[in-house]
Each structure stands twice: as structure tokens, then as C-alpha cells.
>>> print(open('target.txt').read())   # compact mmCIF, C-alpha atoms and all ligand atoms
# COMPACT_ATOMS: atom_id res chain seq x y z
CA MET O 1 25.42 -22.18 26.44
CA THR O 2 24.74 -25.34 24.44
CA LEU O 3 21.66 -27.55 24.70
CA ALA O 4 21.14 -31.20 23.98
CA VAL O 5 17.65 -32.56 23.34
CA VAL O 6 17.56 -36.29 23.99
CA GLY O 7 14.81 -38.89 23.85
CA ALA O 8 12.53 -36.96 21.45
CA SER O 9 10.95 -38.25 18.26
CA ARG O 10 10.35 -36.95 14.77
CA ASP O 11 7.95 -38.67 12.38
CA GLY O 12 7.75 -41.44 14.98
CA GLN O 13 11.54 -42.08 14.89
CA PRO O 14 14.04 -41.22 17.63
CA ILE O 15 15.87 -37.92 17.12
CA GLY O 16 18.51 -35.97 19.03
CA LEU O 17 19.58 -32.37 18.62
CA ARG O 18 22.55 -30.33 19.86
CA THR O 19 22.85 -26.60 19.61
CA ALA O 20 26.03 -24.60 19.01
CA ALA O 21 27.01 -21.64 21.18
CA ASP O 22 26.07 -19.28 18.33
CA GLY O 23 22.41 -20.35 18.47
CA THR O 24 22.46 -22.66 15.46
CA ILE O 25 21.89 -26.41 15.27
CA ALA O 26 25.21 -28.22 15.57
CA GLU O 27 24.00 -31.80 15.29
CA LEU O 28 20.68 -33.39 14.40
CA GLY O 29 19.90 -37.05 13.90
CA PRO O 30 18.86 -40.35 15.46
CA GLY O 31 22.24 -41.01 17.10
CA VAL O 32 22.84 -37.52 18.50
CA GLY O 33 23.32 -37.39 22.28
CA ALA O 34 24.58 -34.90 24.84
CA ALA O 35 28.20 -33.77 25.04
CA ALA O 36 30.11 -32.49 28.08
CA GLY O 37 28.82 -29.10 29.19
CA ASP O 38 25.45 -29.38 27.40
CA GLU O 39 22.32 -28.37 29.27
CA LEU O 40 20.07 -31.40 28.97
CA VAL O 41 16.51 -31.14 27.65
CA ASP O 42 14.57 -34.34 28.21
CA GLY O 43 12.44 -34.90 25.13
CA SER O 44 10.98 -38.25 26.26
CA GLY O 45 7.43 -38.62 25.03
CA MET O 46 7.74 -35.50 22.91
CA ALA O 47 7.90 -34.71 19.22
CA LEU O 48 10.55 -32.29 17.96
CA LEU O 49 9.16 -29.67 15.56
CA PRO O 50 10.35 -26.48 13.89
CA GLY O 51 8.94 -23.37 15.57
CA PHE O 52 6.03 -21.42 14.09
CA VAL O 53 6.40 -18.13 12.20
CA ASN O 54 3.83 -15.37 12.56
CA GLY O 55 4.18 -13.61 9.19
CA HIS O 56 1.99 -10.62 10.00
CA THR O 57 1.05 -9.02 13.28
CA HIS O 58 0.92 -5.79 15.24
CA ALA O 59 2.15 -7.28 18.50
CA ALA O 60 1.45 -4.34 20.82
CA MET O 61 -2.22 -4.47 19.82
CA THR O 62 -2.69 -6.96 22.63
CA LEU O 63 -3.53 -3.70 24.47
CA PHE O 64 -6.64 -3.47 22.25
CA ARG O 65 -7.73 -7.04 22.85
CA GLY O 66 -11.45 -7.15 23.55
CA TYR O 67 -11.82 -3.43 22.80
CA ALA O 68 -14.22 -2.31 20.02
CA ASP O 69 -14.97 -5.82 18.80
CA ASP O 70 -17.63 -6.65 16.22
CA LEU O 71 -17.28 -3.60 13.96
CA PRO O 72 -16.55 -3.28 10.21
CA LEU O 73 -12.86 -2.74 9.30
CA MET O 74 -12.88 0.96 8.42
CA GLU O 75 -15.18 1.99 11.29
CA TRP O 76 -13.06 -0.10 13.67
CA LEU O 77 -9.83 1.52 12.44
CA GLU O 78 -10.93 5.13 12.01
CA GLN O 79 -13.22 5.59 15.01
CA HIS O 80 -11.71 3.28 17.61
CA ILE O 81 -8.13 2.21 16.89
CA TRP O 82 -6.43 5.22 15.31
CA PRO O 83 -7.60 7.76 17.95
CA VAL O 84 -6.11 5.65 20.77
CA GLU O 85 -2.96 4.84 18.78
CA ALA O 86 -2.33 8.59 18.50
CA ARG O 87 -1.75 8.57 22.31
CA LEU O 88 0.54 5.52 22.52
CA ASP O 89 4.00 5.97 24.00
CA ALA O 90 7.04 3.72 23.92
CA ASP O 91 6.23 2.06 27.26
CA ASP O 92 2.72 1.18 26.06
CA VAL O 93 4.18 -0.48 22.98
CA TYR O 94 6.91 -2.20 25.00
CA TRP O 95 4.53 -3.83 27.49
CA GLY O 96 1.86 -4.61 24.89
CA THR O 97 4.54 -6.35 22.84
CA ARG O 98 5.89 -8.18 25.90
CA LEU O 99 2.37 -9.51 26.48
CA ALA O 100 2.19 -10.60 22.84
CA CYS O 101 5.61 -12.23 23.08
CA ALA O 102 4.60 -14.18 26.19
CA GLU O 103 1.58 -15.54 24.32
CA MET O 104 3.66 -16.31 21.24
CA VAL O 105 6.25 -18.23 23.25
CA ARG O 106 3.46 -20.14 25.01
CA THR O 107 1.92 -21.16 21.69
CA GLY O 108 5.11 -22.07 19.82
CA THR O 109 5.89 -18.96 17.76
CA VAL O 110 9.61 -18.36 17.41
CA ARG O 111 9.62 -15.46 14.97
CA PHE O 112 7.19 -12.70 14.06
CA TRP O 113 6.82 -9.99 11.42
CA ASP O 114 5.57 -6.81 13.03
CA MET O 115 4.25 -3.48 11.78
CA TYR O 116 3.69 -0.97 14.57
CA TRP O 117 4.44 2.44 16.06
CA GLN O 118 7.55 2.84 18.26
CA PRO O 119 9.48 0.06 16.50
CA GLY O 120 12.40 0.47 18.89
CA ALA O 121 10.12 -0.48 21.80
CA THR O 122 8.85 -3.51 19.86
CA ALA O 123 12.44 -4.55 19.18
CA ARG O 124 13.40 -4.22 22.86
CA ALA O 125 10.38 -6.30 23.90
CA ALA O 126 11.18 -9.04 21.38
CA ALA O 127 14.87 -9.05 22.33
CA ASP O 128 14.10 -9.06 26.08
CA THR O 129 11.82 -12.06 25.49
CA GLY O 130 14.32 -13.77 23.20
CA LEU O 131 12.10 -13.99 20.12
CA ARG O 132 13.16 -13.20 16.57
CA ALA O 133 11.32 -10.36 14.88
CA THR O 134 11.33 -8.45 11.62
CA ILE O 135 9.97 -5.03 12.53
CA GLY O 136 8.82 -1.96 10.66
CA ALA O 137 7.24 1.36 11.65
CA PRO O 138 3.95 1.88 9.78
CA LEU O 139 4.56 4.44 7.01
CA ILE O 140 1.57 6.65 6.21
CA ASP O 141 1.19 9.93 4.30
CA HIS O 142 -2.59 9.65 3.92
CA GLY O 143 -2.17 9.23 0.17
CA ASP O 144 -0.96 12.82 -0.13
CA ALA O 145 2.38 13.23 -1.90
CA SER O 146 3.02 16.45 0.01
CA GLY O 147 3.51 14.25 3.09
CA SER O 148 6.12 12.15 1.34
CA GLU O 149 9.07 14.01 2.83
CA GLN O 150 7.77 13.44 6.37
CA LEU O 151 7.17 9.78 5.52
CA ARG O 152 10.80 9.44 4.41
CA ARG O 153 11.96 10.92 7.70
CA ASP O 154 9.64 8.52 9.58
CA ALA O 155 11.11 5.60 7.63
CA GLU O 156 14.68 6.66 8.33
CA ASN O 157 13.94 7.26 12.03
CA GLY O 158 12.24 3.87 12.27
CA LEU O 159 15.24 2.11 10.75
CA ALA O 160 17.60 4.05 13.04
CA GLU O 161 15.58 3.02 16.13
CA LEU O 162 15.90 -0.61 15.08
CA ASP O 163 19.60 -0.25 14.44
CA ASP O 164 20.08 0.75 18.09
CA SER O 165 18.34 -2.32 19.42
CA ARG O 166 19.56 -5.04 17.10
CA ASP O 167 21.19 -8.06 18.69
CA GLY O 168 21.05 -10.67 15.96
CA LEU O 169 17.42 -11.61 16.61
CA ILE O 170 15.91 -8.38 15.31
CA ALA O 171 15.77 -7.36 11.65
CA PRO O 172 14.47 -4.09 10.18
CA SER O 173 11.90 -3.64 7.43
CA LEU O 174 9.95 -0.90 5.66
CA ALA O 175 6.24 -1.10 6.40
CA PRO O 176 4.03 1.09 4.19
CA HIS O 177 0.59 0.61 5.73
CA ALA O 178 -1.47 0.13 2.52
CA ILE O 179 -2.05 1.62 -0.93
CA TYR O 180 -4.96 3.67 0.47
CA THR O 181 -2.82 5.34 3.16
CA VAL O 182 0.44 5.82 1.22
CA SER O 183 0.85 7.94 -1.92
CA ALA O 184 2.24 6.54 -5.17
CA GLU O 185 5.28 8.80 -4.78
CA SER O 186 6.07 7.41 -1.34
CA LEU O 187 5.49 3.82 -2.45
CA ARG O 188 7.93 4.30 -5.33
CA TRP O 189 10.53 5.67 -2.90
CA ILE O 190 9.95 2.74 -0.49
CA GLY O 191 10.46 0.27 -3.36
CA SER O 192 13.79 1.82 -4.26
CA GLU O 193 14.92 2.12 -0.60
CA SER O 194 14.14 -1.56 -0.07
CA GLU O 195 16.35 -2.41 -3.03
CA ARG O 196 19.12 -0.01 -2.00
CA LEU O 197 19.24 -1.22 1.62
CA GLY O 198 18.28 -4.84 0.98
CA VAL O 199 15.52 -4.67 3.62
CA PRO O 200 12.10 -6.31 3.26
CA ILE O 201 8.81 -4.49 2.74
CA GLN O 202 5.64 -5.43 4.62
CA ILE O 203 2.35 -4.01 3.34
CA HIS O 204 -1.37 -4.73 3.73
CA VAL O 205 -2.94 -5.32 0.33
CA SER O 206 -6.39 -6.20 -1.02
CA GLU O 207 -7.90 -6.98 2.34
CA THR O 208 -11.35 -5.80 1.23
CA GLU O 209 -13.12 -5.61 -2.12
CA GLY O 210 -13.68 -1.89 -1.49
CA GLU O 211 -9.90 -1.35 -1.55
CA VAL O 212 -9.75 -2.92 -5.02
CA GLN O 213 -12.68 -0.84 -6.33
CA ASP O 214 -11.18 2.38 -4.93
CA CYS O 215 -7.81 1.56 -6.50
CA LEU O 216 -9.40 0.90 -9.89
CA ALA O 217 -11.27 4.21 -9.65
CA ALA O 218 -8.19 6.20 -8.59
CA HIS O 219 -5.44 4.53 -10.64
CA GLY O 220 -7.18 2.46 -13.34
CA VAL O 221 -5.40 -0.69 -12.15
CA ARG O 222 -5.83 -3.23 -9.34
CA PRO O 223 -3.73 -2.93 -6.13
CA VAL O 224 -1.06 -5.51 -6.99
CA GLU O 225 -0.69 -4.04 -10.49
CA LEU O 226 -0.20 -0.64 -8.85
CA LEU O 227 2.46 -2.03 -6.50
CA ASP O 228 4.20 -3.67 -9.44
CA ARG O 229 4.13 -0.45 -11.44
CA LEU O 230 5.64 1.45 -8.47
CA GLY O 231 8.46 -1.04 -7.95
CA VAL O 232 7.18 -2.36 -4.62
CA LEU O 233 6.93 -6.03 -5.65
CA SER O 234 10.16 -7.98 -5.20
CA PRO O 235 11.48 -11.14 -3.50
CA ARG O 236 11.78 -8.93 -0.37
CA THR O 237 8.07 -8.06 -0.29
CA VAL O 238 5.51 -9.50 2.12
CA LEU O 239 1.90 -8.91 1.13
CA ALA O 240 -0.44 -9.28 4.10
CA HIS O 241 -3.99 -10.51 3.30
CA ALA O 242 -4.13 -10.58 -0.57
CA VAL O 243 -7.71 -11.81 -0.34
CA TRP O 244 -9.06 -10.06 -3.43
CA LEU O 245 -6.64 -11.07 -6.22
CA ASP O 246 -7.24 -11.88 -9.87
CA GLU O 247 -5.08 -14.19 -12.00
CA ARG O 248 -3.06 -11.33 -13.49
CA GLU O 249 -2.14 -10.17 -9.98
CA ARG O 250 -1.09 -13.69 -9.00
CA GLU O 251 1.13 -13.81 -12.08
CA LEU O 252 2.77 -10.54 -11.05
CA ILE O 253 3.34 -11.73 -7.48
CA ALA O 254 4.80 -15.02 -8.71
CA ALA O 255 7.03 -13.30 -11.27
CA ALA O 256 8.36 -10.91 -8.62
CA GLY O 257 8.91 -13.71 -6.08
CA ALA O 258 6.92 -11.83 -3.44
CA THR O 259 5.42 -13.61 -0.40
CA ILE O 260 1.78 -13.63 0.68
CA VAL O 261 0.88 -13.90 4.35
CA THR O 262 -2.71 -14.92 4.89
CA ASN O 263 -4.56 -13.94 8.08
CA PRO O 264 -7.67 -16.10 8.00
CA VAL O 265 -8.97 -15.35 11.49
CA ALA O 266 -8.66 -11.57 11.24
CA ASN O 267 -10.23 -11.75 7.77
CA MET O 268 -13.18 -13.76 9.06
CA LYS O 269 -13.63 -11.60 12.13
CA LEU O 270 -13.62 -8.39 10.10
CA ALA O 271 -15.80 -10.13 7.48
CA VAL O 272 -13.76 -9.17 4.43
CA GLY O 273 -16.04 -11.21 2.19
CA GLY O 274 -14.17 -14.44 1.51
CA PRO O 275 -10.95 -16.34 2.17
CA PHE O 276 -7.56 -15.88 0.52
CA ASP O 277 -7.33 -18.51 -2.25
CA LEU O 278 -4.56 -20.92 -1.23
CA PRO O 279 -4.98 -23.43 -4.10
CA ALA O 280 -4.71 -20.57 -6.63
CA ALA O 281 -1.53 -19.29 -4.94
CA ARG O 282 -0.15 -22.85 -4.96
CA ARG O 283 -0.83 -23.15 -8.73
CA HIS O 284 1.38 -20.08 -9.21
CA ALA O 285 4.02 -21.37 -6.75
CA ILE O 286 3.66 -18.19 -4.67
CA PRO O 287 5.39 -18.41 -1.26
CA VAL O 288 2.68 -18.39 1.45
CA GLY O 289 2.92 -17.89 5.20
CA LEU O 290 0.42 -17.48 8.03
CA GLY O 291 -0.21 -14.44 10.19
CA THR O 292 -2.53 -13.72 13.06
CA ASP O 293 -2.73 -9.96 12.41
CA GLY O 294 -3.02 -7.90 15.61
CA ALA O 295 -4.79 -9.07 18.74
CA GLY O 296 -7.25 -6.21 18.20
CA SER O 297 -8.69 -8.08 15.21
CA ASN O 298 -8.06 -11.77 15.89
CA ASN O 299 -8.02 -11.72 19.05
CA SER O 300 -5.38 -14.34 19.68
CA LEU O 301 -1.79 -14.87 18.54
CA ASP O 302 -2.10 -18.65 18.53
CA LEU O 303 -0.95 -19.87 15.11
CA LEU O 304 -2.11 -23.46 15.61
CA ALA O 305 -5.64 -22.26 16.29
CA ASP O 306 -5.45 -20.15 13.13
CA ALA O 307 -4.00 -23.05 11.15
CA LYS O 308 -7.18 -25.02 11.70
CA LEU O 309 -9.29 -22.13 10.48
CA LEU O 310 -7.00 -21.65 7.50
CA ALA O 311 -7.47 -25.27 6.46
CA LEU O 312 -11.22 -25.32 7.12
CA ALA O 313 -11.87 -22.06 5.27
CA GLN O 314 -10.01 -23.39 2.22
CA LYS O 315 -11.94 -26.67 2.21
CA HIS O 316 -15.26 -24.94 2.79
CA GLU O 317 -14.73 -22.34 0.06
CA ALA O 318 -13.56 -24.91 -2.50
CA ALA O 319 -16.27 -27.40 -1.48
CA ASP O 320 -13.37 -29.85 -1.55
CA ALA O 321 -12.07 -31.60 1.58
CA ALA O 322 -8.79 -32.21 -0.29
CA ALA O 323 -8.22 -28.49 -1.00
CA VAL O 324 -5.40 -28.43 1.57
CA SER O 325 -3.82 -31.17 3.70
CA ALA O 326 -2.77 -31.02 7.35
CA GLY O 327 0.86 -31.41 6.25
CA GLU O 328 0.71 -28.45 3.88
CA THR O 329 -1.06 -26.37 6.53
CA LEU O 330 1.73 -27.13 8.99
CA ASP O 331 4.29 -26.14 6.34
CA VAL O 332 2.52 -22.78 6.06
CA VAL O 333 2.65 -22.36 9.86
CA THR O 334 6.38 -23.12 10.14
CA GLY O 335 7.25 -20.85 7.21
CA ALA O 336 8.52 -23.82 5.18
CA LEU O 337 6.72 -22.53 2.07
CA ALA O 338 7.96 -18.93 2.39
CA PRO O 339 11.77 -18.70 2.71
CA LEU O 340 11.71 -14.90 3.16
CA LEU O 341 9.82 -15.32 6.45
CA GLY O 342 12.81 -17.15 7.92
CA GLY O 343 11.37 -20.39 9.30
CA GLY O 344 11.24 -23.87 7.84
CA GLU O 345 12.68 -27.32 8.42
CA LEU O 346 15.26 -27.97 11.13
CA ARG O 347 18.75 -28.51 9.69
CA VAL O 348 22.34 -28.51 10.86
CA GLY O 349 23.74 -24.99 10.56
CA GLY O 350 20.22 -23.48 10.63
CA PRO O 351 18.77 -21.54 13.56
CA ALA O 352 18.17 -23.58 16.72
CA ASP O 353 14.49 -22.54 16.85
CA PHE O 354 12.36 -25.52 17.77
CA LEU O 355 9.50 -26.89 19.85
CA LEU O 356 8.76 -29.98 21.88
CA VAL O 357 5.19 -31.20 21.91
CA PRO O 358 3.99 -34.09 24.09
CA THR O 359 2.65 -36.93 21.98
CA GLY O 360 0.76 -38.59 24.82
CA THR O 361 -1.95 -35.96 25.35
CA PRO O 362 -5.55 -36.96 24.65
CA GLU O 363 -5.49 -34.77 21.51
CA LEU O 364 -2.27 -36.22 20.07
CA ALA O 365 -2.03 -39.78 21.40
CA LEU O 366 -3.70 -41.40 18.38
CA GLY O 367 -3.49 -40.81 14.65
CA SER O 368 -1.14 -38.68 12.57
CA LEU O 369 0.80 -35.96 14.37
CA ASP O 370 0.26 -33.43 11.55
CA ALA O 371 -3.50 -33.90 11.65
CA GLY O 372 -3.48 -33.81 15.44
CA LEU O 373 -1.59 -30.53 15.52
CA VAL O 374 -3.74 -28.81 12.89
CA TYR O 375 -7.20 -30.19 13.67
CA SER O 376 -7.14 -31.27 17.33
CA CYS O 377 -4.83 -28.89 19.18
CA SER O 378 -4.34 -25.28 20.03
CA GLY O 379 -0.92 -23.80 20.72
CA SER O 380 -1.34 -24.54 24.43
CA VAL O 381 -0.15 -28.07 23.61
CA VAL O 382 3.43 -26.78 23.23
CA ASP O 383 5.67 -27.84 26.14
CA THR O 384 9.04 -26.31 25.19
CA THR O 385 9.93 -23.33 22.99
CA VAL O 386 13.58 -22.72 22.10
CA VAL O 387 14.87 -19.78 20.04
CA ALA O 388 18.51 -19.44 19.01
CA GLY O 389 19.34 -22.27 21.40
CA ARG O 390 17.74 -20.49 24.39
CA PRO O 391 14.78 -22.15 26.10
CA LEU O 392 12.02 -19.51 26.43
CA MET O 393 9.51 -22.00 27.84
CA ARG O 394 9.98 -25.37 29.50
CA GLY O 395 7.22 -27.59 30.86
CA GLY O 396 4.65 -25.09 29.61
CA VAL O 397 5.98 -22.35 31.92
CA VAL O 398 7.15 -18.94 30.67
CA GLU O 399 9.10 -17.13 33.39
CA GLY O 400 7.94 -13.68 34.42
CA VAL O 401 4.48 -13.77 32.85
CA ASP O 402 2.76 -12.27 35.92
CA GLU O 403 4.82 -9.09 35.76
CA VAL O 404 4.18 -8.77 32.03
CA VAL O 405 0.42 -9.18 32.49
CA GLY O 406 0.38 -6.64 35.33
CA MET O 407 2.33 -4.02 33.37
CA ALA O 408 0.24 -4.53 30.21
CA ARG O 409 -2.94 -4.04 32.29
CA GLU O 410 -1.55 -0.79 33.66
CA ARG O 411 -0.74 0.50 30.19
CA ALA O 412 -4.19 -0.47 28.83
CA GLU O 413 -5.81 1.34 31.76
CA ARG O 414 -3.72 4.44 31.10
CA LEU O 415 -5.05 4.44 27.54
CA GLY O 416 -8.66 4.00 28.66
CA LEU O 417 -8.87 0.56 27.06
CA ARG O 418 -10.16 -1.33 30.09
ZN ZN C 1 -2.35 -5.97 9.80
>>> encode(input="target.txt", output="C-alpha cells", more="lines below")
Ligand SMILES: [Zn+2]
Amino acid sequence: MTLAVVGASRDGQPIGLRTAADGTIAELGPGVGAAAGDELVDGSGMALLPGFVNGHTHAAMTLFRGYADDLPLMEWLEQHIWPVEARLDADDVYWGTRLACAEMVRTGTVRFWDMYWQPGATARAAADTGLRATIGAPLIDHGDASGSEQLRRDAENGLAELDDSRDGLIAPSLAPHAIYTVSAESLRWIGSESERLGVPIQIHVSETEGEVQDCLAAHGVRPVELLDRLGVLSPRTVLAHAVWLDERERELIAAAGATIVTNPVANMKLAVGGPFDLPAARRHAIPVGLGTDGAGSNNSLDLLADAKLLALAQKHEAADAAAVSAGETLDVVTGALAPLLGGGELRVGGPADFLLVPTGTPELALGSLDAGLVYSCSGSVVDTTVVAGRPLMRGGVVEGVDEVVGMARERAERLGLR
């Protein structure tokens, strides 16, 4: 199938787009029209945008939405989340992820980075929806090197599960949970496996100040220094959160070419003590993306809503309204500043992952589109979401949502979450 988008605009100028049968962009430009056999997408009155990239989430945690809110991070995790997660099966994860995917499609996300149990079920849910995903099973040995052998088996099983369900949209990763749940021995092994296999690493790091203090007490170095020492930092590494960094750690991240994914809403909701420092990361030219984190701690997967909070938190913290612009914020949301995440500007030969947004709504009719998207809108403004040349939503309608909602409710009930 090939698509042709006609009548749309970009930066106020007319633009047309044609997709190739392999899911890439075949033609893009002001004079591009439909060819014989193209399915026509009428972009009249709409702006053409790259899709959004959710750089850190636990998609199936939609099942935990509205459950055990308003608690501190460790109490929330240890007393409420982990005990239920111990009972999750593949169908729970599948339908929780389908619910997440429906919300992501609705709000313009075309690709997500996921860390969760039953990665094969996550992959099936993403593939059945048509979204791109980089997926990893959480790797945990409770900081005890004697569990390292089991962790290696878990990692290999996780990668094998993903291998079975790959269809070009799904990519595997290694996902050590955090330095406080994974031993130094296992982290060193994960670093070398990532290099050997060429797969990315996703890890939570320096989300709270307590994590930094504990790391200093246990290892005599800060978390990012520890990761560097263990060979975990590389251009394939995604560091989720990175709220509590010092300059030396930023230098290490920049030198390694690792990516930071900030999760401002989850950080604020769990009250981690301050925002990630975007201007400092920019000074070091560190690639930065945006994540929602799981719906248990956000509670939404709407990147445009989070983009506003990202920008406002930066301005507020710096006491400087110029600390970040709407344009830069949008670049963070589309993954344009973090090549590893796999998003960015639309280009011929690149993935046909794009959105259409009506420019005549009350929120967007006047003023700059970038500012409108970041400060005035939520993701519900998105009209059309296309991934790999396949329309996943048109006219604001995602097919099959009622079934997904019904099944996710059933699974949440089974787990005692409703
Ligand atoms: Zn997370």
C-alpha cells in the first residue's frame, strides 16, 4: 500500500508526501501529489509533522493507572507495584500494552522505548497496533552478584522472545532496571553484551538524590561514574531520568555519546526533588529525548501534555523564560535531538511516520504552530497518525478501541487493581 498526503502545510507552506511500499517516505515537497494506486489522505487545513517518540515508558502499566497514587517512589514501588507485578501474566501485559498503544496513537506517538516484564507480549501488542517499539525485559538481581547467572538467562530469554515477534517495527534492547537493583557484575556483563550484539541499553539512573547518596556510600562514586566504570555508557545507552547529575557526570555522558530521556511529569508526581537540567545537558551537547514513564506514575502517555510541563519546569527552575523555546521542546518530543531514539525530521528515504494536526482549531488557529502545540494543546489535537506508511488513526478515530478498553479492564480486575 502507498499513501499520498495532499493539501497539507508545513511551516505555513504547502507540502505533499508520498510513501513507498516499504513504509518509507518516497517523495516529500511542495509539488508532490498523488500517483496511480495511492490511497489519498486529505491534508487540507492540516499541518504535517513528524511523529512523537516516547523515549521511556512501561506501557503495560496502564493497568496500574489510578492505583496507589500519591505515594513516595520507594513505598509506591515496593509495597504496591512490585507485589502485583509478581502476578502478571502475558495476557495482562498484552492488553495493558494495547491500551497504552491506543492512547499513544491517539496522542501522536509513533515509537516508544519500553522496559517491562513479558517483553514478547509487549512486542505483539505494539506490532498488532502498528507502532514501533524498542523493548527490553527489566533485568534485576537485587544487587547480589550470586543472582547474576539468572539475570543473564533472563536477558537471553527476553531477547529470544523479541526475536520471535520481530516484524521490522520491533527492536530489542537490554534493560537493567537501575544501579540499586542490579549488581556491578551484572552491569559489566550487560555493557559487554550490548557491545557484542549491538543492542541498546535502557536504564533508570539518578532519579532521586537518595540513589546518588547510596551509590556514593556503596561504591565511592556517583551513579553515572559507576556506569562508566562498568562499561555501561556508550552511544547505545539511554539513561532515563538523570535528574541528579553533576558536571563530571555530564562530561562522561557527553564523551560516551549516551542519550538522556527526561520524564518531567513522573518526576514531579513522585516528587524527586527537582527537574532534570536541560540547559546544562544542552551545554554538553548531550542527546535528549522525552519520556512519559509508566502510566502508574504519570498517569498519562500524552507527550504533548508532558512537553508543556517540560518547558515550564525548565523556565521555572532557571527563573528564565528563555531557558527553553517551544521549538526546542518540540524537537525533544519528536526525537530530533536524540538520534538513537529513532525519530526526527521527515525526509525522503526515512520512515513514513508522521502526523496531521488541524490548524483551524481554537488552540492552533492563531500564532506560531510550535508554541500552539507545546503551550496550548494536548495530544488530543492530533487528527491522523501514520507509522511506516500505515494510518493508525484518521479523523481522530482509532479502530477497535472499545475491545481494547474492555479487555484491559478485565485484566486489571483479575489483578485486583480496580
Ligand atoms: Zn521508568
>>> residues_near_ligand(input="target.txt", ligand="ligand ZN 1 (chain C)", cutoff="12 Å", atoms="only C-alpha atoms and all ligand atoms", output="PyMOL selection string")
chain O and resi 54-61+73+77+113-116+136+138+175-178+202-207+238-242+261-267+270+290-298
>>> residues_around(input="target.txt", residues="O:Gly168", least_positions_apart="5", cutoff="12 Å", atoms="only C-alpha atoms", output="PDB file with C-alpha atoms, keeping the file's coordinate frame")
ATOM      1  CA  ASP O  22      26.070 -19.280  18.330  1.00  0.00           C
ATOM      2  CA  GLY O  23      22.410 -20.350  18.470  1.00  0.00           C
ATOM      3  CA  ALA O 123      12.440  -4.550  19.180  1.00  0.00           C
ATOM      4  CA  ALA O 126      11.180  -9.040  21.380  1.00  0.00           C
ATOM      5  CA  ALA O 127      14.870  -9.050  22.330  1.00  0.00           C
ATOM      6  CA  GLY O 130      14.320 -13.770  23.200  1.00  0.00           C
ATOM      7  CA  LEU O 131      12.100 -13.990  20.120  1.00  0.00           C
ATOM      8  CA  ARG O 132      13.160 -13.200  16.570  1.00  0.00           C
ATOM      9  CA  ALA O 133      11.320 -10.360  14.880  1.00  0.00           C
ATOM     10  CA  THR O 134      11.330  -8.450  11.620  1.00  0.00           C
ATOM     11  CA  LEU O 162      15.900  -0.610  15.080  1.00  0.00           C
ATOM     12  CA  ASP O 163      19.600  -0.250  14.440  1.00  0.00           C
ATOM     13  CA  PRO O 351      18.770 -21.540  13.560  1.00  0.00           C
ATOM     14  CA  VAL O 387      14.870 -19.780  20.040  1.00  0.00           C
ATOM     15  CA  ALA O 388      18.510 -19.440  19.010  1.00  0.00           C
TER      16      ALA O 388
END
>>> atom_distance(input="target.txt", atom1="atom CA of O:Trp244", atom2="atom CA of O:Lys315")
17.8 Å
>>> residues_around(input="target.txt", residues="O:Ala311", least_positions_apart="2", cutoff="8 Å", atoms="only C-alpha atoms", output="compact mmCIF listing (two decimals) with C-alpha atoms, keeping the file's coordinate frame")
# COMPACT_ATOMS: atom_id res chain seq x y z
CA ALA O 307 -4.00 -23.05 11.15
CA LYS O 308 -7.18 -25.02 11.70
CA LEU O 309 -9.29 -22.13 10.48
CA ALA O 313 -11.87 -22.06 5.27
CA GLN O 314 -10.01 -23.39 2.22
CA LYS O 315 -11.94 -26.67 2.21
CA VAL O 324 -5.40 -28.43 1.57
CA SER O 325 -3.82 -31.17 3.70
CA ALA O 326 -2.77 -31.02 7.35
CA THR O 329 -1.06 -26.37 6.53
>>> closest_residue(input="target.txt", among="O:Ala68, O:Ile201, O:Ala35, O:Val105", to="O:Thr384", atoms="all atoms listed in the file")
O:Val105
>>> closest_residue(input="target.txt", among="O:Ala100, O:Cys215, O:Val93, O:Ala4", to="O:Gly33", atoms="only C-alpha atoms")
O:Ala4
>>> decode(input="target.txt", residues="stretch 219-230 of chain O", atoms="N, CA, C and O atoms", output="CSV table (one decimal), in the first residue's frame")
chain,number,residue,atom,x,y,z
O,219,HIS,N,29.8,2.6,46.7
O,219,HIS,CA,30.9,2.4,45.6
O,219,HIS,C,31.9,3.6,45.6
O,219,HIS,O,32.9,3.5,44.9
O,220,GLY,N,31.6,4.6,46.4
O,220,GLY,CA,32.6,5.7,46.4
O,220,GLY,C,32.6,6.6,45.2
O,220,GLY,O,33.4,7.5,45.1
O,221,VAL,N,31.6,6.4,44.3
O,221,VAL,CA,31.4,7.2,43.1
O,221,VAL,C,30.0,7.5,42.9
O,221,VAL,O,29.1,6.8,43.4
O,222,ARG,N,29.7,8.5,42.1
O,222,ARG,CA,28.3,8.8,41.7
O,222,ARG,C,27.8,7.8,40.7
O,222,ARG,O,28.5,7.1,40.0
O,223,PRO,N,26.4,7.7,40.5
O,223,PRO,CA,25.8,6.6,39.6
O,223,PRO,C,26.4,6.6,38.2
O,223,PRO,O,26.7,5.6,37.7
O,224,VAL,N,26.5,7.8,37.6
O,224,VAL,CA,27.0,7.8,36.2
O,224,VAL,C,28.5,7.4,36.1
O,224,VAL,O,28.9,6.7,35.2
O,225,GLU,N,29.2,7.8,37.1
O,225,GLU,CA,30.6,7.4,37.2
O,225,GLU,C,30.7,5.8,37.3
O,225,GLU,O,31.6,5.2,36.7
O,226,LEU,N,29.8,5.3,38.1
O,226,LEU,CA,29.8,3.8,38.3
O,226,LEU,C,29.5,3.2,36.9
O,226,LEU,O,30.1,2.2,36.5
O,227,LEU,N,28.4,3.7,36.2
O,227,LEU,CA,28.1,3.1,34.9
O,227,LEU,C,29.2,3.2,33.9
O,227,LEU,O,29.5,2.3,33.2
O,228,ASP,N,29.9,4.3,34.0
O,228,ASP,CA,31.1,4.5,33.1
O,228,ASP,C,32.2,3.5,33.4
O,228,ASP,O,32.7,2.8,32.5
O,229,ARG,N,32.4,3.3,34.7
O,229,ARG,CA,33.5,2.4,35.1
O,229,ARG,C,33.1,0.9,34.7
O,229,ARG,O,34.0,0.1,34.4
O,230,LEU,N,31.8,0.6,34.7
O,230,LEU,CA,31.4,-0.8,34.4
O,230,LEU,C,31.2,-1.0,32.9
O,230,LEU,O,30.7,-2.1,32.5
